[in-house]
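**Q** Starting off with a structure, shown below.
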Amino acid sequence: MGMTDEEKFRFDLTGFLVRPAILSQDEIESVVEQIDRIVHDPGALPAEHRTVPGGPSSVLIDHPKVVEVLHEIIGPEIRMEGCYCVWRKKGESHGGGLHGGGPSQIDPIFGYRCQNGRIHAGMVRVVFELTDVQPEDGGTHFIVGSHKANFDMHPDHLSMEPGKRSPFLMGYACPAGSAVFFTENVCHVGPEWTRDTPRIAVLHAYSHLATHWHRLNVPPAVLNGLPREKQAWFREPWIADFRTRPATRNTLDHFLNSADPAMRTAAGD
Ligand SMILES: O=C(O)CCC(=O)C(=O)O
Ligand SMILES: [Fe+2]
């Protein structure tokens with residue numbers, strides 16, 4: 001259980017990590033079918049499945065092969081704070097070019113540290129690739145090591161033009177159903193997709209239980225349609241309630257045993 005020493009070494013060195021093929025063929029197919037409908041025919045879906053992480057895609061919220069990594073790189077108490085899916089056609093990109101990296105890691109939301117043999121990352125994204133990906137296809141790319149850079153990203157390393165790319169820019173090859181973890185502070189890009197068939201992926205953001213960067217954008221119908229143990233991943237961002245003796249800890253178990261709504265301020269309030 002947990003990360004191997006090699007995975008820890010790799011994540012600390014580069015700022016990202018691929019866990020290949022963690023999803024079953026059935027899981028891949030049902031999430032791909034849901035995203036196809038979300039993008040092309042949302043009316044065919046029940047309201048609680050019309051965005052991720054509802055319906056079949058809810059399997060990704062607390063996938064054990066993801067949670068065990070997040071516990072080692074963020075900490076024991078974590079929450080999920082955002083997600084979206086992509087159906088990216090040839091020529092489309094995430095937009096905005098290479099972003100992140102450098103001294104902005106000082107912000108505790110993104111902060112990356114390693115001390116006493118433990119990684120403490122701030123926000124971590126997980127990309128669930130639902131098709132096979134080769135580096136030249138245009139999956140997420142990273143300027144490796146930039147999550148620990150002490151100087152601003154140098155413009156010479158920010159080009160995505162072929163022939164002018166940084167030698168430190170790295171993508172990945174992985175089979176459908178893989179999870180790609182990266183610290184939000186590593187300089188990264190969602191490049192132009194180059195393949196004829198689309199990039200189909202779900203992107204989650206996870207944080208320490210005490211922080212919250214993205215305003216919740218999951219529609220109330222989707223959140224309310226999740227089983228309680230999955231709603232718990234969207235619980236309010238606090239650690240302890242000192243009005244009780246002993247203080248109440250905002251653990252998953254506490255949420256499951258209480259009547260707290262997942263979030264008091266769901267999108268659209
Ligand atoms: O589209 C991608 O591959 C990367 C997306 C991205 O940069 C982000 O979600 O922060
Ligand atoms: Fe990004």
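Residues are named by chain letter and number: chains run A, B, ... in the order of the structure tokens, numbers start at 1 in each chain, and ligands are numbered from 1 in the order shown.
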Please check which protein, DNA or RNA residues sit within 10 Å of ligand 2, counting only C-alpha atoms and all ligand atoms, and write them as JSON, numbers by chain.
**A** {"A": [94, 95, 96, 97, 98, 99, 100, 125, 140, 182, 183, 184, 185, 186, 187, 188, 189, 190]}
**Q** For the selection just defined, write its residues with N, CA, C and O atoms to a file, as a compact mmCIF listing (two decimals), in the first residue's frame.
**A**
# COMPACT_ATOMS: atom_id res chain seq x y z
N HIS A 94 -5.65 23.40 -23.82
CA HIS A 94 -6.21 23.95 -22.58
C HIS A 94 -6.20 25.48 -22.66
O HIS A 94 -7.02 26.15 -22.05
N GLY A 95 -5.26 26.01 -23.40
CA GLY A 95 -5.14 27.47 -23.54
C GLY A 95 -4.24 28.04 -22.47
O GLY A 95 -4.07 27.46 -21.40
N GLY A 96 -3.63 29.17 -22.78
CA GLY A 96 -2.84 29.86 -21.77
C GLY A 96 -1.37 29.46 -21.73
O GLY A 96 -0.58 30.10 -21.05
N GLY A 97 -0.98 28.42 -22.46
CA GLY A 97 0.43 28.05 -22.51
C GLY A 97 0.94 27.53 -21.18
O GLY A 97 0.17 27.19 -20.27
N LEU A 98 2.27 27.46 -21.09
CA LEU A 98 2.92 26.95 -19.86
C LEU A 98 2.63 27.91 -18.71
O LEU A 98 2.79 29.13 -18.85
N HIS A 99 2.20 27.36 -17.58
CA HIS A 99 1.88 28.20 -16.42
C HIS A 99 2.29 27.50 -15.13
O HIS A 99 2.41 26.28 -15.10
N GLY A 100 2.48 28.32 -14.07
CA GLY A 100 2.90 27.77 -12.77
C GLY A 100 4.42 27.66 -12.71
O GLY A 100 5.13 28.05 -13.64
N ARG A 125 -3.28 18.12 -8.75
CA ARG A 125 -4.24 17.73 -9.79
C ARG A 125 -4.03 16.27 -10.16
O ARG A 125 -2.89 15.79 -10.17
N THR A 140 -0.86 16.34 -21.01
CA THR A 140 -0.26 17.39 -20.19
C THR A 140 1.27 17.25 -20.23
O THR A 140 1.80 16.14 -20.19
N PHE A 182 -0.04 15.71 -10.53
CA PHE A 182 0.99 16.76 -10.55
C PHE A 182 0.69 17.84 -9.53
O PHE A 182 -0.47 18.12 -9.25
N THR A 183 1.76 18.36 -8.92
CA THR A 183 1.57 19.47 -8.00
C THR A 183 1.24 20.69 -8.84
O THR A 183 1.83 20.94 -9.88
N GLU A 184 0.26 21.44 -8.37
CA GLU A 184 -0.19 22.62 -9.12
C GLU A 184 0.96 23.60 -9.32
O GLU A 184 0.92 24.45 -10.20
N ASN A 185 2.01 23.45 -8.52
CA ASN A 185 3.10 24.41 -8.66
C ASN A 185 4.13 24.05 -9.72
O ASN A 185 5.01 24.84 -10.02
N VAL A 186 4.04 22.87 -10.30
CA VAL A 186 4.99 22.56 -11.37
C VAL A 186 4.51 23.31 -12.63
O VAL A 186 3.30 23.39 -12.88
N CYS A 187 5.44 23.90 -13.37
CA CYS A 187 5.06 24.60 -14.59
C CYS A 187 4.54 23.56 -15.58
O CYS A 187 5.21 22.55 -15.83
N HIS A 188 3.33 23.78 -16.11
CA HIS A 188 2.71 22.76 -16.95
C HIS A 188 1.85 23.39 -18.03
O HIS A 188 1.56 24.58 -17.99
N VAL A 189 1.43 22.55 -18.96
CA VAL A 189 0.65 23.04 -20.09
C VAL A 189 -0.25 21.93 -20.60
O VAL A 189 0.11 20.75 -20.53
N GLY A 190 -1.44 22.31 -21.07
CA GLY A 190 -2.32 21.39 -21.80
C GLY A 190 -2.16 21.73 -23.27
O GLY A 190 -2.86 22.58 -23.80
**Q** I need the alpha helix (DSSP H) residues of region 25-265 of chain A per DSSP on the backbone, written as a count of residues only.
**A** 40
**Q** Give me, as a PyMOL selection string, all polymer residues having an atom no more than 12 Å from Phe234 (chain A), counting only C-alpha atoms and skipping those fewer than 6 positions away in the same chain.
**A** chain A and resi 53+61-62+78-83+204-209+211-212+214-218+220+222-224+226-228+250-252+255-256+260-266
**Q** Could you pull out the residues in region 12-108 of chain A that DSSP calls strand (DSSP E or B) from the backbone, as a ChimeraX atom specification?
**A** /A:16-19,78-88,99
**Q** Counting only C-alpha atoms, what is within 10 Å of Ile38 (chain A), bar same-chain residues fewer than 3 positions away, as a list in words?
**A** Val32, Glu33, Gln34, Ile35, Asp41, Pro42, Gly43, Ala44, Leu45, His49, Arg50, Thr51, Val52, Cys85, Val86 and Trp87 of chain A
**Q** Take the residues from that selection and write them out as a PDB file, in the first residue's frame, keeping N, CA, C and O atoms.
**A**
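Writing done, so here's result-v8.pdb:
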ATOM      1  N   VAL A  32     -16.326   7.221 -20.270  1.00  0.00           N
ATOM      2  CA  VAL A  32     -16.236   7.788 -21.630  1.00  0.00           C
ATOM      3  C   VAL A  32     -17.643   8.025 -22.188  1.00  0.00           C
ATOM      4  O   VAL A  32     -17.933   9.080 -22.750  1.00  0.00           O
ATOM      5  N   GLU A  33     -18.531   7.050 -21.973  1.00  0.00           N
ATOM      6  CA  GLU A  33     -19.896   7.205 -22.487  1.00  0.00           C
ATOM      7  C   GLU A  33     -20.594   8.397 -21.813  1.00  0.00           C
ATOM      8  O   GLU A  33     -21.291   9.177 -22.455  1.00  0.00           O
ATOM      9  N   GLN A  34     -20.362   8.552 -20.511  1.00  0.00           N
ATOM     10  CA  GLN A  34     -20.965   9.692 -19.809  1.00  0.00           C
ATOM     11  C   GLN A  34     -20.434  11.016 -20.367  1.00  0.00           C
ATOM     12  O   GLN A  34     -21.197  11.950 -20.622  1.00  0.00           O
ATOM     13  N   ILE A  35     -19.107  11.102 -20.575  1.00  0.00           N
ATOM     14  CA  ILE A  35     -18.529  12.366 -21.070  1.00  0.00           C
ATOM     15  C   ILE A  35     -19.022  12.652 -22.489  1.00  0.00           C
ATOM     16  O   ILE A  35     -19.331  13.803 -22.833  1.00  0.00           O
ATOM     17  N   ASP A  41     -24.821  15.469 -25.799  1.00  0.00           N
ATOM     18  CA  ASP A  41     -26.270  15.276 -25.643  1.00  0.00           C
ATOM     19  C   ASP A  41     -26.647  15.247 -24.160  1.00  0.00           C
ATOM     20  O   ASP A  41     -27.190  14.251 -23.656  1.00  0.00           O
ATOM     21  N   PRO A  42     -26.368  16.372 -23.440  1.00  0.00           N
ATOM     22  CA  PRO A  42     -26.570  16.337 -21.984  1.00  0.00           C
ATOM     23  C   PRO A  42     -28.009  16.029 -21.578  1.00  0.00           C
ATOM     24  O   PRO A  42     -28.240  15.424 -20.537  1.00  0.00           O
ATOM     25  N   GLY A  43     -28.970  16.412 -22.441  1.00  0.00           N
ATOM     26  CA  GLY A  43     -30.386  16.180 -22.117  1.00  0.00           C
ATOM     27  C   GLY A  43     -30.716  14.701 -21.961  1.00  0.00           C
ATOM     28  O   GLY A  43     -31.710  14.350 -21.330  1.00  0.00           O
ATOM     29  N   ALA A  44     -29.854  13.836 -22.538  1.00  0.00           N
ATOM     30  CA  ALA A  44     -30.103  12.389 -22.445  1.00  0.00           C
ATOM     31  C   ALA A  44     -29.711  11.844 -21.069  1.00  0.00           C
ATOM     32  O   ALA A  44     -29.978  10.673 -20.777  1.00  0.00           O
ATOM     33  N   LEU A  45     -29.064  12.673 -20.265  1.00  0.00           N
ATOM     34  CA  LEU A  45     -28.598  12.210 -18.949  1.00  0.00           C
ATOM     35  C   LEU A  45     -29.517  12.719 -17.849  1.00  0.00           C
ATOM     36  O   LEU A  45     -30.040  13.839 -17.939  1.00  0.00           O
ATOM     37  N   HIS A  49     -26.215  13.388 -13.373  1.00  0.00           N
ATOM     38  CA  HIS A  49     -25.068  12.844 -14.123  1.00  0.00           C
ATOM     39  C   HIS A  49     -24.542  13.849 -15.140  1.00  0.00           C
ATOM     40  O   HIS A  49     -23.644  13.521 -15.916  1.00  0.00           O
ATOM     41  N   ARG A  50     -25.098  15.084 -15.155  1.00  0.00           N
ATOM     42  CA  ARG A  50     -24.792  15.990 -16.274  1.00  0.00           C
ATOM     43  C   ARG A  50     -23.452  16.687 -16.192  1.00  0.00           C
ATOM     44  O   ARG A  50     -23.074  17.426 -17.113  1.00  0.00           O
ATOM     45  N   THR A  51     -22.768  16.565 -15.074  1.00  0.00           N
ATOM     46  CA  THR A  51     -21.362  16.996 -15.015  1.00  0.00           C
ATOM     47  C   THR A  51     -20.603  15.950 -14.206  1.00  0.00           C
ATOM     48  O   THR A  51     -21.209  15.190 -13.436  1.00  0.00           O
ATOM     49  N   VAL A  52     -19.262  15.943 -14.393  1.00  0.00           N
ATOM     50  CA  VAL A  52     -18.440  15.180 -13.457  1.00  0.00           C
ATOM     51  C   VAL A  52     -18.461  15.967 -12.157  1.00  0.00           C
ATOM     52  O   VAL A  52     -18.585  17.204 -12.195  1.00  0.00           O
ATOM     53  N   CYS A  85     -14.193  17.830 -17.141  1.00  0.00           N
ATOM     54  CA  CYS A  85     -13.808  16.806 -18.105  1.00  0.00           C
ATOM     55  C   CYS A  85     -13.488  17.468 -19.438  1.00  0.00           C
ATOM     56  O   CYS A  85     -13.920  18.598 -19.691  1.00  0.00           O
ATOM     57  N   VAL A  86     -12.690  16.783 -20.241  1.00  0.00           N
ATOM     58  CA  VAL A  86     -12.375  17.319 -21.573  1.00  0.00           C
ATOM     59  C   VAL A  86     -12.656  16.260 -22.637  1.00  0.00           C
ATOM     60  O   VAL A  86     -12.504  15.056 -22.406  1.00  0.00           O
ATOM     61  N   TRP A  87     -13.090  16.742 -23.763  1.00  0.00           N
ATOM     62  CA  TRP A  87     -13.249  15.959 -24.997  1.00  0.00           C
ATOM     63  C   TRP A  87     -12.532  16.823 -26.017  1.00  0.00           C
ATOM     64  O   TRP A  87     -13.116  17.678 -26.666  1.00  0.00           O
TER      65      TRP A  87
END
**Q** Tell me which protein, DNA and RNA residues are within 8 Å of Ala121 (chain A), counting only C-alpha atoms, leaving out same-chain ones fewer than 3 positions away, and put them as a list of chain:residue names.
**A**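 The residues satisfying every condition are A:Ile73, A:Ile74, A:Phe110, A:Gly111, A:Tyr112, A:Arg113, A:Val124, A:Thr183.
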**Q** CA of Arg199 (chain A) and CA of Thr14 (chain A), how far apart in Å?
**A**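 Going from CA of Thr14 (chain A) over to CA of Arg199 (chain A) covers 23.4 Å.
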**Q** Which residues are near Glu92 (chain A)? Cut-off 8 Å, only C-alpha atoms, ignore same chain within fewer than 5 positions. Put them as a VMD selection string.
**A** chain A and resid 191 to 193
**Q** Go ahead and write the residues just picked, all heavy atoms, as a short mmCIF file (atom, residue, chain, number, x, y, z; two decimals), in the first residue's frame.
**A**
data_model
loop_
_atom_site.label_atom_id
_atom_site.label_comp_id
_atom_site.auth_asym_id
_atom_site.auth_seq_id
_atom_site.Cartn_x
_atom_site.Cartn_y
_atom_site.Cartn_z
N PRO A 191 -1.20 21.08 -23.95
CA PRO A 191 -0.82 21.51 -25.30
C PRO A 191 -1.89 21.20 -26.35
O PRO A 191 -2.88 20.54 -26.05
CB PRO A 191 0.45 20.71 -25.60
CG PRO A 191 0.64 19.75 -24.49
CD PRO A 191 -0.52 19.86 -23.55
N GLU A 192 -1.63 21.66 -27.56
CA GLU A 192 -2.52 21.34 -28.66
C GLU A 192 -2.58 19.83 -28.84
O GLU A 192 -1.54 19.16 -28.86
CB GLU A 192 -1.95 21.95 -29.94
CG GLU A 192 -2.96 22.79 -30.67
CD GLU A 192 -2.32 23.40 -31.91
OE1 GLU A 192 -2.05 22.67 -32.87
OE2 GLU A 192 -2.10 24.62 -31.85
N TRP A 193 -3.78 19.31 -28.96
CA TRP A 193 -3.97 17.87 -29.18
C TRP A 193 -3.72 17.59 -30.65
O TRP A 193 -4.20 18.32 -31.51
CB TRP A 193 -5.38 17.48 -28.76
CG TRP A 193 -5.65 16.00 -28.77
CD1 TRP A 193 -6.51 15.34 -29.60
CD2 TRP A 193 -5.08 15.02 -27.90
NE1 TRP A 193 -6.50 14.01 -29.29
CE2 TRP A 193 -5.63 13.78 -28.25
CE3 TRP A 193 -4.15 15.07 -26.85
CZ2 TRP A 193 -5.29 12.59 -27.61
CZ3 TRP A 193 -3.81 13.89 -26.21
CH2 TRP A 193 -4.37 12.66 -26.58
#
**Q** Per residue of region 169-233 of chain A within 6 Å of region 127-138 of chain A, note the shortest atom pair and the distance in Å to one decimal, counting only C-alpha atoms, and order the rows by chain and increasing residue number, as JSON lines.
**A**
{"residue": "A:Gly171", "atom": "CA", "partner": "A:Pro135", "partner_atom": "CA", "distance": 5.0}
{"residue": "A:Tyr172", "atom": "CA", "partner": "A:Pro135", "partner_atom": "CA", "distance": 4.9}
{"residue": "A:Ala173", "atom": "CA", "partner": "A:Gln134", "partner_atom": "CA", "distance": 4.3}
{"residue": "A:Cys174", "atom": "CA", "partner": "A:Val133", "partner_atom": "CA", "distance": 5.3}
{"residue": "A:Pro175", "atom": "CA", "partner": "A:Asp132", "partner_atom": "CA", "distance": 4.2}
{"residue": "A:Ala176", "atom": "CA", "partner": "A:Thr131", "partner_atom": "CA", "distance": 4.1}
{"residue": "A:Gly177", "atom": "CA", "partner": "A:Leu130", "partner_atom": "CA", "distance": 5.1}
{"residue": "A:Ser178", "atom": "CA", "partner": "A:Glu129", "partner_atom": "CA", "distance": 5.5}
{"residue": "A:Ala179", "atom": "CA", "partner": "A:Phe128", "partner_atom": "CA", "distance": 4.6}
{"residue": "A:Val180", "atom": "CA", "partner": "A:Val127", "partner_atom": "CA", "distance": 4.9}
{"residue": "A:Pro191", "atom": "CA", "partner": "A:Gly138", "partner_atom": "CA", "distance": 5.3}
{"residue": "A:Glu192", "atom": "CA", "partner": "A:Gly138", "partner_atom": "CA", "distance": 5.8}
{"residue": "A:Trp193", "atom": "CA", "partner": "A:Gly138", "partner_atom": "CA", "distance": 4.7}
{"residue": "A:Thr194", "atom": "CA", "partner": "A:Asp137", "partner_atom": "CA", "distance": 5.1}
{"residue": "A:Arg195", "atom": "CA", "partner": "A:Asp137", "partner_atom": "CA", "distance": 5.6}
{"residue": "A:Ile200", "atom": "CA", "partner": "A:Leu130", "partner_atom": "CA", "distance": 5.5}
{"residue": "A:Ala201", "atom": "CA", "partner": "A:Glu129", "partner_atom": "CA", "distance": 4.7}
{"residue": "A:Val202", "atom": "CA", "partner": "A:Phe128", "partner_atom": "CA", "distance": 5.1}
{"residue": "A:Leu203", "atom": "CA", "partner": "A:Val127", "partner_atom": "CA", "distance": 4.5}
**Q** From the list A:Tyr84, A:Lys90, A:Phe16, A:Pro56, which residue is nearest Ile28 (chain A) when using only C-alpha atoms?
**A**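 Selected residue with least distance to Ile28 (chain A): A:Pro56.
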**Q** Go ahead and compute the interatomic distance for CA of Val69 (chain A) and CA of Met3 (chain A), in Å to one decimal.
**A**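 CA of Met3 (chain A) lies at a distance of 5.9 Å from CA of Val69 (chain A).
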**Q** Using only C-alpha atoms, find the one residue out of A:Arg243, A:Arg118, A:His254, A:Lys230 that sits nearest to Ser57 (chain A).
**A**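 Among the listed residues, the smallest separation from Ser57 (chain A) belongs to A:Lys230.
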**Q** Hey, what's within 10 Å of Met153 (chain A) if we count only C-alpha atoms and toss same-chain stuff fewer than 3 positions away? As a compact mmCIF listing (two decimals) with C-alpha atoms, in the first residue's frame, please?
**A**
# COMPACT_ATOMS: atom_id res chain seq x y z
CA LEU A 98 2.92 26.95 -19.86
CA HIS A 99 1.88 28.20 -16.42
CA GLY A 100 2.90 27.77 -12.77
CA GLY A 101 6.33 26.95 -11.44
CA GLY A 102 8.94 29.07 -9.70
CA PRO A 103 8.74 31.01 -6.44
CA ILE A 143 8.83 21.56 -16.95
CA SER A 146 10.02 23.71 -11.74
CA ALA A 149 12.53 26.49 -8.83
CA ASN A 150 13.81 29.55 -6.99
CA ASP A 156 13.49 30.78 -23.01
CA HIS A 157 11.80 27.77 -21.41
CA LEU A 158 8.19 28.78 -22.07
CA CYS A 187 5.06 24.60 -14.59
